[in-house]
file coords_18.cif (mmCIF, C-alpha atoms)
data_structure
loop_
_atom_site.label_atom_id
_atom_site.label_comp_id
_atom_site.auth_asym_id
_atom_site.auth_seq_id
_atom_site.Cartn_x
_atom_site.Cartn_y
_atom_site.Cartn_z
CA MET A 29 165.47 -64.90 -52.64
CA GLU A 30 164.10 -68.12 -54.10
CA THR A 31 160.82 -69.58 -52.99
CA TYR A 32 160.47 -73.16 -51.87
CA GLN A 33 158.74 -74.12 -55.12
CA ASN A 34 161.60 -72.77 -57.23
CA GLN A 35 164.18 -74.60 -55.13
CA ASN A 36 162.18 -77.81 -55.23
CA ASN A 37 161.77 -77.77 -59.03
CA LYS A 38 165.46 -76.97 -59.52
CA TYR A 39 166.50 -80.35 -58.15
CA TYR A 40 164.10 -82.35 -60.32
CA ALA A 41 164.58 -80.44 -63.59
CA ASN A 42 167.23 -82.75 -65.05
CA ILE A 43 165.65 -86.07 -64.09
CA LYS A 44 164.47 -88.11 -67.07
CA PRO A 45 161.60 -90.51 -66.46
CA LYS A 46 162.22 -94.24 -66.73
CA LEU A 47 160.72 -96.20 -69.58
CA SER A 48 157.73 -97.94 -68.05
CA ARG A 49 154.10 -98.70 -68.79
CA ASP A 50 151.81 -95.81 -67.90
CA ILE A 51 148.88 -97.46 -66.16
CA ALA A 52 147.03 -94.20 -65.55
CA ASN A 53 146.73 -93.47 -69.29
CA LYS A 54 146.41 -96.96 -70.73
CA ARG A 55 144.15 -98.34 -73.44
CA ILE A 56 145.35 -101.94 -73.46
CA ALA A 57 148.49 -102.28 -71.36
CA GLY A 58 149.96 -98.77 -71.20
CA VAL A 59 152.90 -99.48 -73.51
CA CYS A 60 152.19 -96.65 -75.97
CA ALA A 61 151.43 -94.26 -73.11
CA GLY A 62 154.72 -95.14 -71.46
CA ILE A 63 156.66 -94.63 -74.69
CA GLY A 64 154.97 -91.28 -75.26
CA LYS A 65 155.73 -90.17 -71.73
CA TYR A 66 159.35 -91.26 -71.99
CA PHE A 67 160.01 -89.44 -75.27
CA ASN A 68 157.76 -86.49 -74.31
CA ILE A 69 155.41 -86.79 -77.28
CA LYS A 70 151.65 -87.09 -77.41
CA VAL A 71 150.32 -90.55 -76.70
CA SER A 72 147.87 -90.30 -79.58
CA TRP A 73 150.79 -89.96 -82.02
CA VAL A 74 152.46 -93.07 -80.64
CA ARG A 75 149.22 -95.03 -80.85
CA THR A 76 148.60 -93.83 -84.41
CA VAL A 77 152.09 -94.80 -85.57
CA TRP A 78 151.82 -98.17 -83.85
CA PHE A 79 148.46 -98.84 -85.52
CA LEU A 80 149.72 -97.76 -88.95
CA LEU A 81 152.77 -100.01 -88.64
CA ALA A 82 150.52 -102.93 -87.79
CA PHE A 83 147.97 -102.11 -90.51
CA PHE A 84 150.45 -101.55 -93.34
CA GLY A 85 152.39 -104.60 -92.24
CA ILE A 86 149.65 -106.61 -93.91
CA PHE A 87 150.65 -105.19 -97.30
CA SER A 88 154.40 -104.99 -96.74
CA ALA A 89 157.07 -107.63 -96.93
CA GLY A 90 159.57 -105.59 -94.87
CA ILE A 91 157.67 -105.44 -91.60
CA SER A 92 154.86 -107.78 -90.68
CA THR A 93 151.84 -107.26 -88.49
CA PHE A 94 152.87 -110.29 -86.45
CA PHE A 95 156.21 -108.62 -85.68
CA VAL A 96 154.57 -105.34 -84.56
CA VAL A 97 152.07 -107.16 -82.33
CA SER A 98 154.73 -109.45 -80.88
CA VAL A 99 156.95 -106.43 -80.04
CA TYR A 100 153.96 -104.86 -78.26
CA PHE A 101 153.38 -108.02 -76.21
CA ALA A 102 157.10 -108.31 -75.44
CA LEU A 103 157.15 -104.72 -74.18
CA TRP A 104 154.00 -105.46 -72.17
CA PHE A 105 155.83 -108.17 -70.25
CA ILE A 106 159.28 -106.51 -70.10
CA LEU A 107 158.41 -102.95 -69.07
CA PRO A 108 157.52 -102.43 -65.42
CA LYS A 109 154.39 -100.59 -64.35
CA SER A 110 154.89 -96.94 -63.49
CA SER A 111 155.14 -96.47 -59.76
CA ASN A 112 154.02 -92.85 -59.48
CA ILE A 113 150.27 -93.13 -59.91
CA PHE A 114 148.14 -90.60 -58.13
CA LEU A 115 144.44 -91.34 -58.33
CA CYS A 116 141.64 -89.23 -56.99
CA GLU A 117 139.18 -90.79 -54.60
CA THR A 118 136.52 -90.89 -57.35
CA GLU A 119 138.80 -92.80 -59.79
CA ARG A 120 139.52 -95.71 -57.45
#
call {"tool": "encode", "arguments": {"input": "coords_18.cif", "output": "structure tokens"}}
result
Amino acid sequence: METYQNQNNKYYANIKPKLSRDIANKRIAGVCAGIGKYFNIKVSWVRTVWFLLAFFGIFSAGISTFFVVSVYFALWFILPKSSNIFLCETER
């Protein structure tokens, strides 16, 4: 016999989260946190890669810092905010 918790998790096991900005774990706009949540990788890795792309864009002709920053701002305006935010009473 299955418990209620096992039955409940069974229905949500195959649902993939939507790509959105994670407002609960944001530094600037939540873009990197949303990307990390969507691809199920640590947010610190996404932020590190994003920073390195922007930093080494100064020295590279292939990808520019302006392009990396403009993609970030474009994602900031395109991606919706995540709708499943649960804050404790002390965090409000």
call {"tool": "resolve_selection", "arguments": {"input": "coords_18.cif", "expression": "the PyMOL selection byres ((chain A and resi 109) around 10)", "output": "list in words"}}
result
Leu47, Ser48, Arg49, Asp50, Ile51, Ala52, Ala57, Gly58, Val59, Gly62, Trp104, Phe105, Ile106, Leu107, Pro108, Ser110, Ser111, Asn112 and Ile113 of chain A
call {"tool": "write_last_selection", "arguments": {"input": "coords_18.cif", "atoms": "C-alpha atoms", "output": "mmCIF file, in the frame of the given file"}}
result
data_model
loop_
_atom_site.group_PDB
_atom_site.id
_atom_site.type_symbol
_atom_site.label_atom_id
_atom_site.label_comp_id
_atom_site.auth_asym_id
_atom_site.auth_seq_id
_atom_site.Cartn_x
_atom_site.Cartn_y
_atom_site.Cartn_z
ATOM 1 C CA LEU A 47 160.720 -96.200 -69.580
ATOM 2 C CA SER A 48 157.730 -97.940 -68.050
ATOM 3 C CA ARG A 49 154.100 -98.700 -68.790
ATOM 4 C CA ASP A 50 151.810 -95.810 -67.900
ATOM 5 C CA ILE A 51 148.880 -97.460 -66.160
ATOM 6 C CA ALA A 52 147.030 -94.200 -65.550
ATOM 7 C CA ALA A 57 148.490 -102.280 -71.360
ATOM 8 C CA GLY A 58 149.960 -98.770 -71.200
ATOM 9 C CA VAL A 59 152.900 -99.480 -73.510
ATOM 10 C CA GLY A 62 154.720 -95.140 -71.460
ATOM 11 C CA TRP A 104 154.000 -105.460 -72.170
ATOM 12 C CA PHE A 105 155.830 -108.170 -70.250
ATOM 13 C CA ILE A 106 159.280 -106.510 -70.100
ATOM 14 C CA LEU A 107 158.410 -102.950 -69.070
ATOM 15 C CA PRO A 108 157.520 -102.430 -65.420
ATOM 16 C CA SER A 110 154.890 -96.940 -63.490
ATOM 17 C CA SER A 111 155.140 -96.470 -59.760
ATOM 18 C CA ASN A 112 154.020 -92.850 -59.480
ATOM 19 C CA ILE A 113 150.270 -93.130 -59.910
#
call {"tool": "resolve_selection", "arguments": {"input": "coords_18.cif", "expression": "the PyMOL selection byres ((chain A and resi 65-69) around 9)", "output": "short mmCIF file (atom, residue, chain, number, x, y, z; two decimals) with C-alpha atoms, in the coordinates of the input"}}
result
data_model
loop_
_atom_site.label_atom_id
_atom_site.label_comp_id
_atom_site.auth_asym_id
_atom_site.auth_seq_id
_atom_site.Cartn_x
_atom_site.Cartn_y
_atom_site.Cartn_z
CA LYS A 44 164.47 -88.11 -67.07
CA PRO A 45 161.60 -90.51 -66.46
CA LYS A 46 162.22 -94.24 -66.73
CA LEU A 47 160.72 -96.20 -69.58
CA SER A 48 157.73 -97.94 -68.05
CA ASP A 50 151.81 -95.81 -67.90
CA CYS A 60 152.19 -96.65 -75.97
CA ALA A 61 151.43 -94.26 -73.11
CA GLY A 62 154.72 -95.14 -71.46
CA ILE A 63 156.66 -94.63 -74.69
CA GLY A 64 154.97 -91.28 -75.26
CA LYS A 70 151.65 -87.09 -77.41
CA VAL A 71 150.32 -90.55 -76.70
CA SER A 72 147.87 -90.30 -79.58
CA TRP A 73 150.79 -89.96 -82.02
CA VAL A 74 152.46 -93.07 -80.64
#
call {"tool": "axis_aligned_box", "arguments": {"input": "coords_18.cif", "around": "segment 82-89 of chain A", "padding_each_side": "6 Å", "output": "AutoDock Vina command-line options"}}
result
--center_x 152.5 --center_y -104.6 --center_z -92.5 --size_x 21.1 --size_y 18.1 --size_z 21.5
call {"tool": "atom_distance", "arguments": {"input": "coords_18.cif", "atom1": "atom CA of Val96 of chain A", "atom2": "atom CA of Ile56 of chain A"}}
result
14.8 Å
call {"tool": "atom_distance", "arguments": {"input": "coords_18.cif", "atom1": "atom CA of Ala102 of chain A", "atom2": "atom CA of Phe87 of chain A"}}
result
23.0 Å
call {"tool": "atom_distance", "arguments": {"input": "coords_18.cif", "atom1": "atom CA of Lys54 of chain A", "atom2": "atom CA of Phe83 of chain A"}}
result
20.5 Å
call {"tool": "residues_around", "arguments": {"input": "coords_18.cif", "residues": "Val97 of chain A", "least_positions_apart": "6", "cutoff": "12 Å", "atoms": "only C-alpha atoms", "output": "count of residues only"}}
result
12
call {"tool": "build_atoms", "arguments": {"input": "coords_18.cif", "residues": "segment 59-91 of chain A", "atoms": "N, CA and C atoms", "output": "mmCIF file, in the frame of the given file"}}
result
data_model
loop_
_atom_site.group_PDB
_atom_site.id
_atom_site.type_symbol
_atom_site.label_atom_id
_atom_site.label_comp_id
_atom_site.auth_asym_id
_atom_site.auth_seq_id
_atom_site.Cartn_x
_atom_site.Cartn_y
_atom_site.Cartn_z
ATOM 1 N N VAL A 59 151.605 -99.500 -72.854
ATOM 2 C CA VAL A 59 152.900 -99.480 -73.510
ATOM 3 C C VAL A 59 153.066 -98.196 -74.326
ATOM 4 N N CYS A 60 152.106 -97.868 -75.149
ATOM 5 C CA CYS A 60 152.190 -96.650 -75.970
ATOM 6 C C CYS A 60 152.201 -95.403 -75.096
ATOM 7 N N ALA A 61 151.439 -95.398 -74.026
ATOM 8 C CA ALA A 61 151.430 -94.260 -73.110
ATOM 9 C C ALA A 61 152.784 -94.105 -72.426
ATOM 10 N N GLY A 62 153.404 -95.200 -72.072
ATOM 11 C CA GLY A 62 154.720 -95.140 -71.460
ATOM 12 C C GLY A 62 155.784 -94.649 -72.426
ATOM 13 N N ILE A 63 155.709 -95.084 -73.681
ATOM 14 C CA ILE A 63 156.660 -94.630 -74.690
ATOM 15 C C ILE A 63 156.477 -93.147 -74.958
ATOM 16 N N GLY A 64 155.228 -92.703 -75.044
ATOM 17 C CA GLY A 64 154.970 -91.280 -75.260
ATOM 18 C C GLY A 64 155.444 -90.426 -74.101
ATOM 19 N N LYS A 65 155.263 -90.911 -72.907
ATOM 20 C CA LYS A 65 155.730 -90.170 -71.730
ATOM 21 C C LYS A 65 157.246 -90.108 -71.674
ATOM 22 N N TYR A 66 157.897 -91.194 -72.034
ATOM 23 C CA TYR A 66 159.350 -91.260 -71.990
ATOM 24 C C TYR A 66 159.983 -90.306 -73.009
ATOM 25 N N PHE A 67 159.455 -90.291 -74.230
ATOM 26 C CA PHE A 67 160.010 -89.440 -75.270
ATOM 27 C C PHE A 67 159.359 -88.060 -75.334
ATOM 28 N N ASN A 68 158.431 -87.783 -74.429
ATOM 29 C CA ASN A 68 157.760 -86.490 -74.310
ATOM 30 C C ASN A 68 157.027 -86.109 -75.599
ATOM 31 N N ILE A 69 156.270 -87.055 -76.128
ATOM 32 C CA ILE A 69 155.410 -86.790 -77.280
ATOM 33 C C ILE A 69 154.000 -87.235 -76.921
ATOM 34 N N LYS A 70 153.040 -86.767 -77.703
ATOM 35 C CA LYS A 70 151.650 -87.090 -77.410
ATOM 36 C C LYS A 70 151.409 -88.588 -77.587
ATOM 37 N N VAL A 71 150.617 -89.125 -76.688
ATOM 38 C CA VAL A 71 150.320 -90.550 -76.700
ATOM 39 C C VAL A 71 149.525 -90.917 -77.944
ATOM 40 N N SER A 72 148.671 -90.015 -78.393
ATOM 41 C CA SER A 72 147.870 -90.300 -79.580
ATOM 42 C C SER A 72 148.751 -90.485 -80.818
ATOM 43 N N TRP A 73 149.867 -89.779 -80.899
ATOM 44 C CA TRP A 73 150.790 -89.960 -82.020
ATOM 45 C C TRP A 73 151.438 -91.333 -81.962
ATOM 46 N N VAL A 74 151.826 -91.748 -80.782
ATOM 47 C CA VAL A 74 152.460 -93.070 -80.640
ATOM 48 C C VAL A 74 151.465 -94.164 -80.998
ATOM 49 N N ARG A 75 150.237 -94.029 -80.535
ATOM 50 C CA ARG A 75 149.220 -95.030 -80.850
ATOM 51 C C ARG A 75 148.908 -95.061 -82.340
ATOM 52 N N THR A 76 148.876 -93.899 -82.979
ATOM 53 C CA THR A 76 148.600 -93.830 -84.410
ATOM 54 C C THR A 76 149.719 -94.487 -85.212
ATOM 55 N N VAL A 77 150.961 -94.195 -84.863
ATOM 56 C CA VAL A 77 152.090 -94.800 -85.570
ATOM 57 C C VAL A 77 152.101 -96.306 -85.364
ATOM 58 N N TRP A 78 151.833 -96.740 -84.149
ATOM 59 C CA TRP A 78 151.820 -98.170 -83.850
ATOM 60 C C TRP A 78 150.736 -98.884 -84.667
ATOM 61 N N PHE A 79 149.553 -98.261 -84.749
ATOM 62 C CA PHE A 79 148.460 -98.840 -85.520
ATOM 63 C C PHE A 79 148.804 -98.879 -87.011
ATOM 64 N N LEU A 80 149.379 -97.793 -87.529
ATOM 65 C CA LEU A 80 149.720 -97.760 -88.950
ATOM 66 C C LEU A 80 150.791 -98.780 -89.294
ATOM 67 N N LEU A 81 151.765 -98.970 -88.406
ATOM 68 C CA LEU A 81 152.770 -100.010 -88.640
ATOM 69 C C LEU A 81 152.122 -101.395 -88.700
ATOM 70 N N ALA A 82 151.196 -101.634 -87.799
ATOM 71 C CA ALA A 82 150.520 -102.930 -87.790
ATOM 72 C C ALA A 82 149.611 -103.086 -89.006
ATOM 73 N N PHE A 83 148.907 -102.032 -89.386
ATOM 74 C CA PHE A 83 147.970 -102.110 -90.510
ATOM 75 C C PHE A 83 148.708 -102.276 -91.836
ATOM 76 N N PHE A 84 149.722 -101.466 -92.071
ATOM 77 C CA PHE A 84 150.450 -101.550 -93.340
ATOM 78 C C PHE A 84 151.405 -102.725 -93.368
ATOM 79 N N GLY A 85 151.604 -103.369 -92.251
ATOM 80 C CA GLY A 85 152.390 -104.600 -92.240
ATOM 81 C C GLY A 85 151.706 -105.716 -92.989
ATOM 82 N N ILE A 86 150.395 -105.619 -93.141
ATOM 83 C CA ILE A 86 149.650 -106.610 -93.910
ATOM 84 C C ILE A 86 150.078 -106.576 -95.373
ATOM 85 N N PHE A 87 150.338 -105.364 -95.881
ATOM 86 C CA PHE A 87 150.650 -105.190 -97.300
ATOM 87 C C PHE A 87 152.136 -105.147 -97.588
ATOM 88 N N SER A 88 152.969 -105.156 -96.560
ATOM 89 C CA SER A 88 154.400 -104.990 -96.740
ATOM 90 C C SER A 88 155.137 -106.292 -96.471
ATOM 91 N N ALA A 89 156.239 -106.460 -97.178
ATOM 92 C CA ALA A 89 157.070 -107.630 -96.930
ATOM 93 C C ALA A 89 158.189 -107.300 -95.944
ATOM 94 N N GLY A 90 158.471 -105.997 -95.740
ATOM 95 C CA GLY A 90 159.570 -105.590 -94.870
ATOM 96 C C GLY A 90 159.255 -105.730 -93.401
ATOM 97 N N ILE A 91 158.063 -105.351 -93.002
ATOM 98 C CA ILE A 91 157.670 -105.440 -91.600
ATOM 99 C C ILE A 91 156.281 -106.077 -91.545
#
